[in-house]
Amino acid sequence: MFSIRRTLAVAGLAVAVATGVSACSSTVPKDDVAKTIGGKLTEQGIAASAVSCPADLDAEVGKTLRCEFTVDGQPVDAVATVTSIQGDQANFDITTEARPVAKALLEKKVADQVSQQAVVAVDSTQCGGDLAPSVDASTTCTVTGGGESLDLKITVTSVDGGAFKYQLEQT
């Protein structure tokens with residue numbers, strides 16, 4: 001049995017942050033939201049890149065804005081939800097949500113893991129499809145290297161916010 005556990009994204013991030021809301025504006029600029037998300041991720045030791053938000057966040061309790069960032073090539077959603085308004089401050093929580101791992105990225109990750117664990121050069125990896133971020137979701141990958149082929153079942157074992165773990169098992 002060949003088994004590896006691997007985290008592809010980041011764990012849930014629920015923090016309250018305050019960002020200035022100008023007196024004549026009822027929104028938090030999208031760049032400020034993205035900067036706050038990036039800062040909170042960095043504080044938690046998460047090397048996120050390309051943090052971006054598509055629009056400004058309405059400064060009204062309950063309003064949300066779905067932003068995104070990338071960790072190790074994997075896109076992750078970050079949802080900012082306004083929890084309160086205090087004077088010129090909009091307080092919002094940030095939670096992360098995992099996205100499916102695209103087939104091409106999964107093939108690269110599996111090849112890297114097999115190469116490291118088996119200490120053999122991987123010539124090619126073919127996976128059956130994307131890997132959904134839900135427990136027990138799975139796909140099969142065929143890894144070829146050193147003149148041999150290995151069929152592996154990749155199964156998601158846990159999901160926590162923007163992170164999920166999977167294991168590889170020889171079929």
# chains A, B, ... in the order shown; residues from 1 in each chain; ligands from 1

call {"tool": "select_by_dssp", "arguments": {"residues": "range 21-148 of chain A", "states": "strand (DSSP E)", "output": "NGL selection string"}}
result
:A and (27-28 or 49-52 or 57-58 or 64-71 or 74-86 or 89-98 or 124-127 or 138-145 or 148)

call {"tool": "residues_around", "arguments": {"residues": "range 72-84 of chain A", "least_positions_apart": "3", "cutoff": "8 Å", "atoms": "only C-alpha atoms", "output": "short mmCIF file (atom, residue, chain, number, x, y, z; two decimals) with N, CA, C and O atoms, in the first residue's frame"}}
result
data_model
loop_
_atom_site.label_atom_id
_atom_site.label_comp_id
_atom_site.auth_asym_id
_atom_site.auth_seq_id
_atom_site.Cartn_x
_atom_site.Cartn_y
_atom_site.Cartn_z
N LEU A 8 -3.41 20.56 0.27
CA LEU A 8 -3.33 21.31 -0.98
C LEU A 8 -3.62 22.79 -0.84
O LEU A 8 -3.29 23.56 -1.70
N ALA A 9 -4.31 23.18 0.18
CA ALA A 9 -4.68 24.58 0.31
C ALA A 9 -4.43 25.01 1.74
O ALA A 9 -3.53 24.51 2.36
N VAL A 10 -5.21 25.93 2.24
CA VAL A 10 -5.01 26.41 3.60
C VAL A 10 -6.24 26.15 4.44
O VAL A 10 -7.33 26.00 3.93
N VAL A 33 -9.64 45.13 0.98
CA VAL A 33 -10.07 43.80 1.40
C VAL A 33 -8.99 42.78 1.05
O VAL A 33 -8.60 41.96 1.88
N ILE A 37 -6.83 40.43 3.64
CA ILE A 37 -6.79 38.97 3.53
C ILE A 37 -5.34 38.50 3.42
O ILE A 37 -4.92 37.59 4.14
N ALA A 48 0.51 32.83 0.56
CA ALA A 48 -0.50 33.04 -0.48
C ALA A 48 0.02 34.04 -1.49
O ALA A 48 0.77 34.95 -1.16
N ALA A 59 -20.36 47.94 2.83
CA ALA A 59 -20.20 48.05 4.28
C ALA A 59 -21.57 47.99 4.95
O ALA A 59 -22.09 48.96 5.48
N GLU A 60 -22.15 46.80 4.91
CA GLU A 60 -23.46 46.55 5.50
C GLU A 60 -23.42 45.16 6.13
O GLU A 60 -22.97 44.20 5.49
N VAL A 61 -23.85 45.06 7.38
CA VAL A 61 -23.79 43.79 8.09
C VAL A 61 -24.44 42.69 7.26
O VAL A 61 -25.54 42.85 6.73
N GLY A 62 -23.73 41.57 7.13
CA GLY A 62 -24.21 40.42 6.39
C GLY A 62 -23.77 40.38 4.94
O GLY A 62 -23.85 39.34 4.30
N LYS A 63 -23.27 41.49 4.40
CA LYS A 63 -22.82 41.51 3.01
C LYS A 63 -21.53 40.70 2.90
O LYS A 63 -20.69 40.70 3.80
N THR A 64 -21.36 40.02 1.76
CA THR A 64 -20.18 39.20 1.55
C THR A 64 -19.51 39.55 0.23
O THR A 64 -20.14 40.11 -0.67
N LEU A 65 -18.26 39.19 0.14
CA LEU A 65 -17.48 39.35 -1.08
C LEU A 65 -16.58 38.13 -1.21
O LEU A 65 -15.84 37.81 -0.28
N ARG A 66 -16.67 37.45 -2.35
CA ARG A 66 -15.83 36.28 -2.60
C ARG A 66 -14.58 36.73 -3.33
O ARG A 66 -14.64 37.24 -4.44
N CYS A 67 -13.44 36.53 -2.69
CA CYS A 67 -12.13 36.87 -3.25
C CYS A 67 -11.39 35.55 -3.51
O CYS A 67 -11.90 34.48 -3.19
N GLU A 68 -10.20 35.64 -4.06
CA GLU A 68 -9.43 34.42 -4.29
C GLU A 68 -7.95 34.69 -4.10
O GLU A 68 -7.49 35.82 -4.17
N PHE A 69 -7.23 33.60 -3.84
CA PHE A 69 -5.78 33.64 -3.75
C PHE A 69 -5.26 32.27 -4.17
O PHE A 69 -6.03 31.35 -4.39
N ALA A 90 -15.58 49.09 9.22
CA ALA A 90 -16.36 47.91 8.88
C ALA A 90 -15.56 46.70 9.35
O ALA A 90 -14.42 46.51 8.93
N ASN A 91 -16.14 45.91 10.23
CA ASN A 91 -15.48 44.71 10.73
C ASN A 91 -15.98 43.54 9.91
O ASN A 91 -17.18 43.39 9.68
N PHE A 92 -15.07 42.69 9.47
CA PHE A 92 -15.49 41.54 8.69
C PHE A 92 -14.68 40.32 9.04
O PHE A 92 -13.53 40.41 9.45
N ASP A 93 -15.32 39.16 8.90
CA ASP A 93 -14.67 37.87 9.09
C ASP A 93 -14.23 37.37 7.73
O ASP A 93 -14.85 37.67 6.71
N ILE A 94 -13.18 36.58 7.74
CA ILE A 94 -12.68 35.97 6.52
C ILE A 94 -12.69 34.46 6.72
O ILE A 94 -12.14 33.96 7.69
N THR A 95 -13.33 33.76 5.81
CA THR A 95 -13.30 32.30 5.84
C THR A 95 -12.77 31.82 4.49
O THR A 95 -12.93 32.51 3.47
N THR A 96 -12.13 30.69 4.49
CA THR A 96 -11.60 30.14 3.24
C THR A 96 -12.39 28.91 2.85
O THR A 96 -12.92 28.19 3.70
N GLU A 97 -12.48 28.70 1.54
CA GLU A 97 -13.20 27.55 1.01
C GLU A 97 -12.35 26.91 -0.08
O GLU A 97 -11.85 27.60 -0.97
N ALA A 98 -12.21 25.60 0.01
CA ALA A 98 -11.42 24.86 -0.97
C ALA A 98 -12.13 24.80 -2.31
O ALA A 98 -13.35 24.82 -2.38
N ARG A 99 -11.35 24.75 -3.36
CA ARG A 99 -11.85 24.53 -4.71
C ARG A 99 -11.34 23.18 -5.19
O ARG A 99 -10.35 22.66 -4.68
N VAL A 101 -9.20 20.52 -7.15
CA VAL A 101 -7.85 20.56 -7.70
C VAL A 101 -7.96 20.16 -9.17
O VAL A 101 -8.45 19.07 -9.49
N LEU A 105 -2.96 20.16 -12.32
CA LEU A 105 -2.24 20.42 -11.08
C LEU A 105 -2.14 19.13 -10.26
O LEU A 105 -1.09 18.84 -9.68
N GLY A 162 -10.46 26.06 3.64
CA GLY A 162 -9.77 26.08 2.36
C GLY A 162 -8.75 24.99 2.19
O GLY A 162 -8.04 24.96 1.20
#

call {"tool": "closest_atom_pairs", "arguments": {"of": "range 148-171 of chain A", "to": "range 128-138 of chain A", "cutoff": "10 Å", "atoms": "only C-alpha atoms", "output": "JSON lines"}}
result
{"residue": "A:Lys153", "atom": "CA", "partner": "A:Ser138", "partner_atom": "CA", "distance": 6.8}
{"residue": "A:Ile154", "atom": "CA", "partner": "A:Ser138", "partner_atom": "CA", "distance": 5.3}
{"residue": "A:Thr155", "atom": "CA", "partner": "A:Ser138", "partner_atom": "CA", "distance": 4.3}
{"residue": "A:Val156", "atom": "CA", "partner": "A:Val135", "partner_atom": "CA", "distance": 5.1}
{"residue": "A:Thr157", "atom": "CA", "partner": "A:Val135", "partner_atom": "CA", "distance": 5.3}
{"residue": "A:Ser158", "atom": "CA", "partner": "A:Val135", "partner_atom": "CA", "distance": 5.4}
{"residue": "A:Val159", "atom": "CA", "partner": "A:Ser134", "partner_atom": "CA", "distance": 6.3}
{"residue": "A:Asp160", "atom": "CA", "partner": "A:Pro133", "partner_atom": "CA", "distance": 9.4}
{"residue": "A:Gly161", "atom": "CA", "partner": "A:Pro133", "partner_atom": "CA", "distance": 9.7}
{"residue": "A:Gly162", "atom": "CA", "partner": "A:Pro133", "partner_atom": "CA", "distance": 8.9}
{"residue": "A:Ala163", "atom": "CA", "partner": "A:Pro133", "partner_atom": "CA", "distance": 8.3}
{"residue": "A:Phe164", "atom": "CA", "partner": "A:Pro133", "partner_atom": "CA", "distance": 6.5}
{"residue": "A:Lys165", "atom": "CA", "partner": "A:Pro133", "partner_atom": "CA", "distance": 8.8}
{"residue": "A:Tyr166", "atom": "CA", "partner": "A:Ser138", "partner_atom": "CA", "distance": 8.8}
{"residue": "A:Gln167", "atom": "CA", "partner": "A:Ser138", "partner_atom": "CA", "distance": 9.5}
{"residue": "A:Leu168", "atom": "CA", "partner": "A:Ser138", "partner_atom": "CA", "distance": 9.7}

call {"tool": "atom_distance", "arguments": {"atom1": "CA of Ala104 in chain A", "atom2": "CA of Val51 in chain A"}}
result
21.7 Å

call {"tool": "select_by_dssp", "arguments": {"residues": "range 54-165 of chain A", "states": "helix (DSSP H, G or I)", "output": "MDAnalysis selection string"}}
result
chainID A and resid 103:118

call {"tool": "atom_distance", "arguments": {"atom1": "CA of Cys141 in chain A", "atom2": "CA of Ala50 in chain A"}}
result
28.9 Å

call {"tool": "closest_residue", "arguments": {"among": "A:Asp58, A:Asp31, A:Asp88, A:Asp151", "to": "Thr139 in chain A", "atoms": "only C-alpha atoms"}}
result
A:Asp151

call {"tool": "atom_distance", "arguments": {"atom1": "CA of Pro100 in chain A", "atom2": "CA of Ala55 in chain A"}}
result
23.3 Å
